[in-house]
file target_1.cif (mmCIF, C-alpha atoms and all ligand atoms)
data_structure
#
loop_
_atom_site.label_atom_id
_atom_site.label_comp_id
_atom_site.auth_asym_id
_atom_site.auth_seq_id
_atom_site.Cartn_x
_atom_site.Cartn_y
_atom_site.Cartn_z
CA MET A 1106 54.96 8.16 -4.15
CA CYS A 1107 51.36 7.40 -4.37
CA ARG A 1108 50.18 4.14 -3.04
CA VAL A 1109 47.14 2.27 -1.93
CA ASN A 1110 47.56 1.18 1.61
CA ALA A 1111 46.36 -1.60 3.83
CA GLY A 1112 43.41 -1.64 6.14
CA ALA A 1113 43.70 -3.66 9.31
CA ILE A 1114 43.19 -6.89 7.44
CA LEU A 1115 42.69 -5.96 3.85
CA ALA A 1116 45.74 -4.75 2.02
CA ILE A 1117 44.95 -2.85 -1.06
CA ALA A 1118 46.64 -1.22 -1.52
CA ALA A 1119 40.05 13.93 -20.23
CA LEU A 1120 38.60 14.01 -22.06
CA ALA A 1121 35.15 15.18 -21.17
CA ALA A 1122 32.76 12.97 -22.96
CA GLY A 1123 30.32 15.70 -23.81
CA CYS A 1124 28.73 13.34 -26.29
CA GLU A 1125 25.26 14.13 -27.44
CA THR A 1126 25.02 10.91 -29.37
CA ALA A 1127 25.12 7.44 -27.93
CA SER A 1128 28.39 6.48 -29.50
CA ALA A 1129 30.33 3.46 -28.27
CA PRO A 1130 32.98 4.13 -25.64
CA GLU A 1131 36.50 4.52 -26.89
CA ARG A 1132 38.40 1.24 -26.86
CA GLY A 1133 42.01 0.82 -25.89
CA PRO A 1134 44.24 -0.98 -23.45
CA ALA A 1135 42.89 -1.19 -19.92
CA TYR A 1136 44.93 -1.92 -16.83
CA PRO A 1137 43.92 -4.23 -13.96
CA PHE A 1138 41.46 -2.83 -11.43
CA ASP A 1139 40.87 -5.84 -9.21
CA LEU A 1140 42.09 -6.29 -5.66
CA GLN A 1141 45.72 -7.32 -5.76
CA ASN A 1142 45.18 -9.64 -8.71
CA THR A 1143 42.59 -11.67 -6.77
CA GLY A 1144 39.79 -11.02 -9.20
CA ARG A 1145 37.80 -9.27 -6.48
CA VAL A 1146 36.19 -6.10 -7.75
CA PHE A 1147 34.78 -3.05 -6.01
CA ARG A 1148 32.77 -0.26 -7.55
CA TRP A 1149 29.83 1.83 -6.49
CA ARG A 1150 26.37 0.75 -7.56
CA PRO A 1151 23.79 3.10 -9.09
CA VAL A 1152 21.79 2.98 -5.85
CA ASP A 1153 24.80 4.38 -3.96
CA LEU A 1154 25.11 7.57 -6.03
CA PRO A 1155 26.09 10.25 -5.43
CA ILE A 1156 29.03 9.07 -3.36
CA ARG A 1157 29.52 11.26 -0.31
CA TYR A 1158 32.99 12.75 0.27
CA TRP A 1159 33.87 14.47 3.53
CA LEU A 1160 36.97 16.57 4.12
CA ALA A 1161 38.53 17.24 7.50
CA ALA A 1162 38.79 20.84 8.69
CA GLY A 1163 41.97 22.53 7.54
CA SER A 1164 42.01 20.97 4.09
CA GLY A 1165 42.33 24.38 2.43
CA PRO A 1166 42.48 24.20 -1.37
CA VAL A 1167 42.08 20.43 -1.32
CA VAL A 1168 38.33 21.00 -0.97
CA GLY A 1169 38.34 22.50 -4.45
CA TYR A 1170 40.73 19.83 -5.72
CA VAL A 1171 38.32 17.12 -4.61
CA GLN A 1172 35.43 18.87 -6.33
CA GLU A 1173 37.43 19.21 -9.54
CA GLY A 1174 38.69 15.63 -9.28
CA LEU A 1175 35.13 14.36 -8.95
CA ARG A 1176 34.08 16.40 -11.96
CA LEU A 1177 36.97 14.98 -14.00
CA TRP A 1178 36.09 11.38 -13.13
CA GLU A 1179 32.35 11.92 -13.65
CA SER A 1180 33.09 13.26 -17.12
CA GLN A 1181 34.66 9.95 -18.15
CA PHE A 1182 31.24 8.33 -18.29
CA LEU A 1183 28.58 8.66 -20.90
CA TYR A 1184 25.63 7.60 -18.77
CA GLY A 1185 26.27 8.91 -15.26
CA GLU A 1186 27.65 5.66 -13.92
CA PHE A 1187 29.50 7.61 -11.22
CA ALA A 1188 28.74 10.80 -9.29
CA GLY A 1189 30.24 12.26 -6.13
CA THR A 1190 29.34 15.12 -3.82
CA LEU A 1191 30.80 16.82 -0.76
CA VAL A 1192 29.04 16.41 2.58
CA THR A 1193 29.55 18.00 5.99
CA ASP A 1194 28.60 15.02 8.16
CA SER A 1195 31.47 12.55 8.43
CA ALA A 1196 29.19 9.91 9.94
CA ARG A 1197 27.25 9.81 6.69
CA ALA A 1198 30.21 9.90 4.34
CA ASP A 1199 31.38 7.11 2.06
CA VAL A 1200 34.88 8.56 1.73
CA LEU A 1201 36.83 10.49 4.36
CA VAL A 1202 39.60 12.80 3.10
CA MET A 1203 42.30 14.15 5.38
CA VAL A 1204 45.26 16.43 4.66
CA ASN A 1205 48.26 15.99 6.93
CA GLY A 1206 50.61 18.82 7.85
CA GLY A 1207 48.18 21.71 7.71
CA GLU A 1208 46.69 23.51 4.75
CA PRO A 1209 48.85 23.32 1.64
CA PRO A 1210 49.58 26.61 -0.16
CA ASP A 1211 46.64 27.85 -2.20
CA VAL A 1212 48.30 29.11 -5.38
CA PRO A 1213 47.39 28.75 -9.07
CA LEU A 1214 48.21 25.42 -10.70
CA THR A 1215 50.69 25.19 -13.55
CA ASN A 1216 51.60 22.50 -16.06
CA ASP A 1217 54.86 21.65 -14.36
CA PRO A 1218 54.20 18.59 -12.23
CA PRO A 1219 56.82 17.69 -9.67
CA LEU A 1220 56.82 14.15 -8.42
CA ASP A 1221 58.16 14.45 -4.89
CA ALA A 1222 56.32 17.35 -3.26
CA CYS A 1223 53.47 15.24 -1.93
CA SER A 1224 52.05 11.75 -1.63
CA GLY A 1225 48.71 10.12 -1.05
CA VAL A 1226 47.28 6.95 0.38
CA THR A 1227 43.84 5.42 -0.05
CA SER A 1228 42.91 2.85 2.57
CA PHE A 1229 40.06 0.42 2.24
CA PRO A 1230 38.29 -1.01 5.28
CA ASP A 1231 38.08 -4.64 6.29
CA ILE A 1232 35.68 -6.87 4.40
CA THR A 1233 33.02 -8.91 6.16
CA PRO A 1234 32.45 -12.61 5.36
CA ALA A 1235 29.48 -11.39 3.34
CA ASN A 1236 31.89 -9.40 1.15
CA ARG A 1237 30.93 -5.99 2.42
CA PHE A 1238 33.19 -3.16 3.55
CA THR A 1239 32.96 -2.44 7.28
CA GLY A 1240 33.29 1.32 6.99
CA PRO A 1241 34.17 4.26 4.78
CA LEU A 1242 37.14 4.52 2.48
CA ARG A 1243 39.88 6.85 3.68
CA VAL A 1244 42.17 9.13 1.70
CA ALA A 1245 45.21 10.80 3.27
CA ILE A 1246 47.19 13.50 1.48
CA ASN A 1247 50.70 14.42 2.63
CA TRP A 1248 52.80 17.33 1.36
CA ASN A 1249 56.37 18.46 1.86
CA PRO A 1250 56.82 22.11 2.95
CA LEU A 1251 60.40 22.13 1.67
CA PHE A 1252 59.10 22.43 -1.88
CA GLY A 1253 57.87 25.62 -3.52
CA ASP A 1254 54.24 26.63 -3.34
CA ALA A 1255 53.47 25.92 -7.00
CA ASP A 1256 55.22 22.55 -6.86
CA ILE A 1257 53.21 21.57 -3.81
CA ALA A 1258 49.92 22.75 -5.31
CA ASN A 1259 50.54 20.92 -8.61
CA CYS A 1260 51.47 17.74 -6.81
CA VAL A 1261 48.59 17.84 -4.33
CA PHE A 1262 46.04 18.42 -7.08
CA ARG A 1263 47.33 15.52 -9.18
CA VAL A 1264 47.59 13.16 -6.23
CA THR A 1265 44.10 14.12 -5.04
CA ALA A 1266 42.65 13.35 -8.47
CA HIS A 1267 44.61 10.06 -8.49
CA GLU A 1268 43.35 9.04 -5.06
CA ILE A 1269 39.78 9.80 -6.10
CA GLY A 1270 40.38 7.30 -8.89
CA HIS A 1271 41.18 4.70 -6.24
CA THR A 1272 37.96 5.58 -4.43
CA LEU A 1273 35.97 4.82 -7.59
CA GLY A 1274 37.30 1.28 -7.33
CA LEU A 1275 40.46 1.45 -9.41
CA LEU A 1276 42.40 -0.68 -6.96
CA GLY A 1277 45.61 -1.03 -8.92
CA HIS A 1278 48.00 1.18 -10.83
CA SER A 1279 48.54 1.63 -14.54
CA PRO A 1280 51.99 0.80 -15.90
CA ASN A 1281 51.56 3.65 -18.39
CA PRO A 1282 53.11 6.98 -17.23
CA ALA A 1283 50.57 8.83 -19.38
CA ASP A 1284 47.73 7.62 -17.14
CA LEU A 1285 46.54 9.46 -14.04
CA MET A 1286 46.44 6.09 -12.27
CA ASN A 1287 50.14 5.47 -12.78
CA ALA A 1288 51.82 5.12 -9.39
CA LEU A 1289 53.49 8.49 -10.01
CA PRO A 1290 50.74 10.70 -11.42
CA ARG A 1291 52.33 13.03 -13.94
CA VAL A 1292 49.12 14.21 -15.57
CA ALA A 1293 46.32 16.30 -14.13
CA GLU A 1294 43.32 14.47 -15.49
CA PRO A 1295 42.26 10.97 -16.55
CA SER A 1296 43.75 9.80 -19.85
CA SER A 1297 42.04 7.74 -22.53
CA GLY A 1298 43.54 4.68 -20.84
CA ASP A 1299 42.05 5.70 -17.51
CA ARG A 1300 38.71 6.26 -19.17
CA VAL A 1301 38.63 2.90 -20.88
CA THR A 1302 39.59 1.21 -17.63
CA VAL A 1303 37.07 2.96 -15.41
CA GLU A 1304 34.31 2.39 -17.95
CA MET A 1305 35.19 -1.30 -18.00
CA LEU A 1306 35.12 -1.35 -14.19
CA TYR A 1307 31.67 0.21 -14.11
CA HIS A 1308 30.40 -2.46 -16.48
CA THR A 1309 31.89 -5.27 -14.39
CA ARG A 1310 29.89 -6.96 -11.66
CA PRO A 1311 31.39 -6.06 -8.27
CA THR A 1312 32.19 -8.78 -5.75
CA ILE A 1313 32.64 -6.38 -2.80
CA GLU A 1314 29.77 -4.20 -1.57
CA PRO A 1315 30.12 -0.84 0.17
CA ALA A 1316 29.45 -0.45 3.88
CA GLU A 1317 25.90 0.03 5.07
CA ARG A 1318 24.94 3.66 5.38
CA LEU A 1319 23.35 5.43 8.30
CA GLN A 1320 19.77 6.36 7.56
ZN ZN B 1 47.82 5.14 -6.23
#

call {"tool": "encode", "arguments": {"input": "target_1.cif", "output": "structure tokens"}}
result
Amino acid sequence: MCRVNAGAILAIAALAAGCETASAPERGPAYPFDLQNTGRVFRWRPVDLPIRYWLAAGSGPVVGYVQEGLRLWESQFLYGEFAGTLVTDSARADVLVMVNGGEPPDVPLTNDPPLDACSGVTSFPDITPANRFTGPLRVAINWNPLFGDADIANCVFRVTAHEIGHTLGLLGHSPNPADLMNALPRVAEPSSGDRVTVEMLYHTRPTIEPAERLQ
């Protein structure tokens, strides 16, 4: 349903913190975040922030879903380890988001998540010999017009939030169905398991660097 797809060579597939004290992050089981069990790790560095997300024209409500998804992931961190923003210039974006099949219906979300009304793919670019991505990350969202409007909206929001998790560097899936990064996202925001995992990722030294940016 929701998968991480291959680049030309490389196949890769809430709790709002709100803490005013410097308490230790919550501990719990984390799931793998490396590249296909190779031990290779990607995450954004502080110098890269905020990460620039661009959406193709005709994305409709997905623009808001991306903004909300970024807010949800940012809120998993105590110290601002990740931040994302929308940009209008695709040539200067770190992540390109496209919605296939036209604008999905823009209706209120509910708590009834269907699993088959949409799908998503995050593709990572090739990696240079110097362990650097050759271009931006790409997210594609697909939806099925045979489903009802609310089912489509619920699914597209959850899958968008899930794919944003991949763009943070969560390159695998959680085996736990309660986690947003399960292959079939049933929840609408990162779980405690997602939070523990993404915090661990952002305190792990990356072995893959992002692509060079245009000045
Ligand atoms: Zn996925």

call {"tool": "atom_distance", "arguments": {"input": "target_1.cif", "atom1": "atom CA of Val1264 of chain A", "atom2": "atom CA of Val1192 of chain A"}}
result
20.8 Å

call {"tool": "residues_near_ligand", "arguments": {"input": "target_1.cif", "ligand": "ligand ZN 1 (chain B)", "cutoff": "12 Å", "atoms": "only C-alpha atoms and all ligand atoms", "output": "MDAnalysis selection string"}}
result
chainID A and resid 1106:1110 1117:1118 1138 1224:1228 1244:1246 1263:1280 1284:1291

call {"tool": "closest_residue", "arguments": {"input": "target_1.cif", "among": "A:Val1167, A:Cys1223, A:Ile1232, A:Leu1175", "to": "Glu1208 of chain A", "atoms": "all atoms listed in the file"}}
result
A:Val1167

call {"tool": "atom_distance", "arguments": {"input": "target_1.cif", "atom1": "atom CA of His1308 of chain A", "atom2": "atom CA of Pro1137 of chain A"}}
result
13.9 Å

call {"tool": "closest_atom_pairs", "arguments": {"input": "target_1.cif", "of": "segment 1138-1254 of chain A", "to": "segment 1295-1302 of chain A", "cutoff": "9 Å", "atoms": "all atoms listed in the file", "output": "CSV"}}
result
residue,atom,partner,partner_atom,distance
A:Phe1138,CA,A:Thr1302,CA,7.6
A:Leu1177,CA,A:Pro1295,CA,7.1
A:Trp1178,CA,A:Pro1295,CA,7.1
A:Gln1181,CA,A:Arg1300,CA,5.6
A:Phe1182,CA,A:Arg1300,CA,7.8

call {"tool": "closest_atom_pairs", "arguments": {"input": "target_1.cif", "of": "segment 1155-1255 of chain A", "to": "segment 1312-1317 of chain A", "cutoff": "6 Å", "atoms": "all atoms listed in the file", "output": "Markdown table"}}
result
| residue | atom | partner | partner_atom | distance |
| --- | --- | --- | --- | --- |
| A:Asn1236 | CA | A:Ile1313 | CA | 5.0 |
| A:Arg1237 | CA | A:Glu1314 | CA | 4.5 |
| A:Phe1238 | CA | A:Ala1316 | CA | 4.6 |
| A:Thr1239 | CA | A:Ala1316 | CA | 5.3 |
| A:Gly1240 | CA | A:Ala1316 | CA | 5.2 |

call {"tool": "closest_residue", "arguments": {"input": "target_1.cif", "among": "A:Pro1311, A:Pro1151, A:Gly1144, A:Gly1253", "to": "Asp1217 of chain A", "atoms": "all atoms listed in the file"}}
result
A:Gly1253

call {"tool": "atom_distance", "arguments": {"input": "target_1.cif", "atom1": "atom CA of Gly1206 of chain A", "atom2": "atom CA of Thr1193 of chain A"}}
result
21.2 Å

call {"tool": "residues_around", "arguments": {"input": "target_1.cif", "residues": "Ser1195 of chain A", "least_positions_apart": "3", "cutoff": "9 Å", "atoms": "all atoms listed in the file", "output": "list in words"}}
result
Tyr1158, Trp1159, Leu1160, Ala1161, Val1192, Ala1198, Asp1199, Val1200 and Leu1201 of chain A

call {"tool": "residues_near_point", "arguments": {"input": "target_1.cif", "point": "(46.9, 28.2, -4.8)", "cutoff": "12 Å", "atoms": "all atoms listed in the file", "output": "PDB file with C-alpha atoms, keeping the file's coordinate frame"}}
result
ATOM      1  CA  GLY A1165      42.330  24.380   2.430  1.00  0.00           C
ATOM      2  CA  PRO A1166      42.480  24.200  -1.370  1.00  0.00           C
ATOM      3  CA  VAL A1167      42.080  20.430  -1.320  1.00  0.00           C
ATOM      4  CA  VAL A1168      38.330  21.000  -0.970  1.00  0.00           C
ATOM      5  CA  GLY A1169      38.340  22.500  -4.450  1.00  0.00           C
ATOM      6  CA  TYR A1170      40.730  19.830  -5.720  1.00  0.00           C
ATOM      7  CA  GLU A1208      46.690  23.510   4.750  1.00  0.00           C
ATOM      8  CA  PRO A1209      48.850  23.320   1.640  1.00  0.00           C
ATOM      9  CA  PRO A1210      49.580  26.610  -0.160  1.00  0.00           C
ATOM     10  CA  ASP A1211      46.640  27.850  -2.200  1.00  0.00           C
ATOM     11  CA  VAL A1212      48.300  29.110  -5.380  1.00  0.00           C
ATOM     12  CA  PRO A1213      47.390  28.750  -9.070  1.00  0.00           C
ATOM     13  CA  LEU A1214      48.210  25.420 -10.700  1.00  0.00           C
ATOM     14  CA  THR A1215      50.690  25.190 -13.550  1.00  0.00           C
ATOM     15  CA  GLY A1253      57.870  25.620  -3.520  1.00  0.00           C
ATOM     16  CA  ASP A1254      54.240  26.630  -3.340  1.00  0.00           C
ATOM     17  CA  ALA A1255      53.470  25.920  -7.000  1.00  0.00           C
ATOM     18  CA  ASP A1256      55.220  22.550  -6.860  1.00  0.00           C
ATOM     19  CA  ILE A1257      53.210  21.570  -3.810  1.00  0.00           C
ATOM     20  CA  ALA A1258      49.920  22.750  -5.310  1.00  0.00           C
ATOM     21  CA  ASN A1259      50.540  20.920  -8.610  1.00  0.00           C
ATOM     22  CA  CYS A1260      51.470  17.740  -6.810  1.00  0.00           C
ATOM     23  CA  VAL A1261      48.590  17.840  -4.330  1.00  0.00           C
ATOM     24  CA  PHE A1262      46.040  18.420  -7.080  1.00  0.00           C
TER      25      PHE A1262
END

call {"tool": "closest_residue", "arguments": {"input": "target_1.cif", "among": "A:Gly1207, A:Pro1250, A:Pro1134, A:Pro1241", "to": "Arg1157 of chain A", "atoms": "all atoms listed in the file"}}
result
A:Pro1241

call {"tool": "residues_near_point", "arguments": {"input": "target_1.cif", "point": "(27.5, 12.2, -6.4)", "cutoff": "7 Å", "atoms": "all atoms listed in the file", "output": "PyMOL selection string"}}
result
chain A and resi 1154-1157+1187-1190

call {"tool": "closest_residue", "arguments": {"input": "target_1.cif", "among": "A:Gln1172, A:Ser1180, A:Thr1233, A:Ser1164", "to": "Met1203 of chain A", "atoms": "only C-alpha atoms"}}
result
A:Ser1164
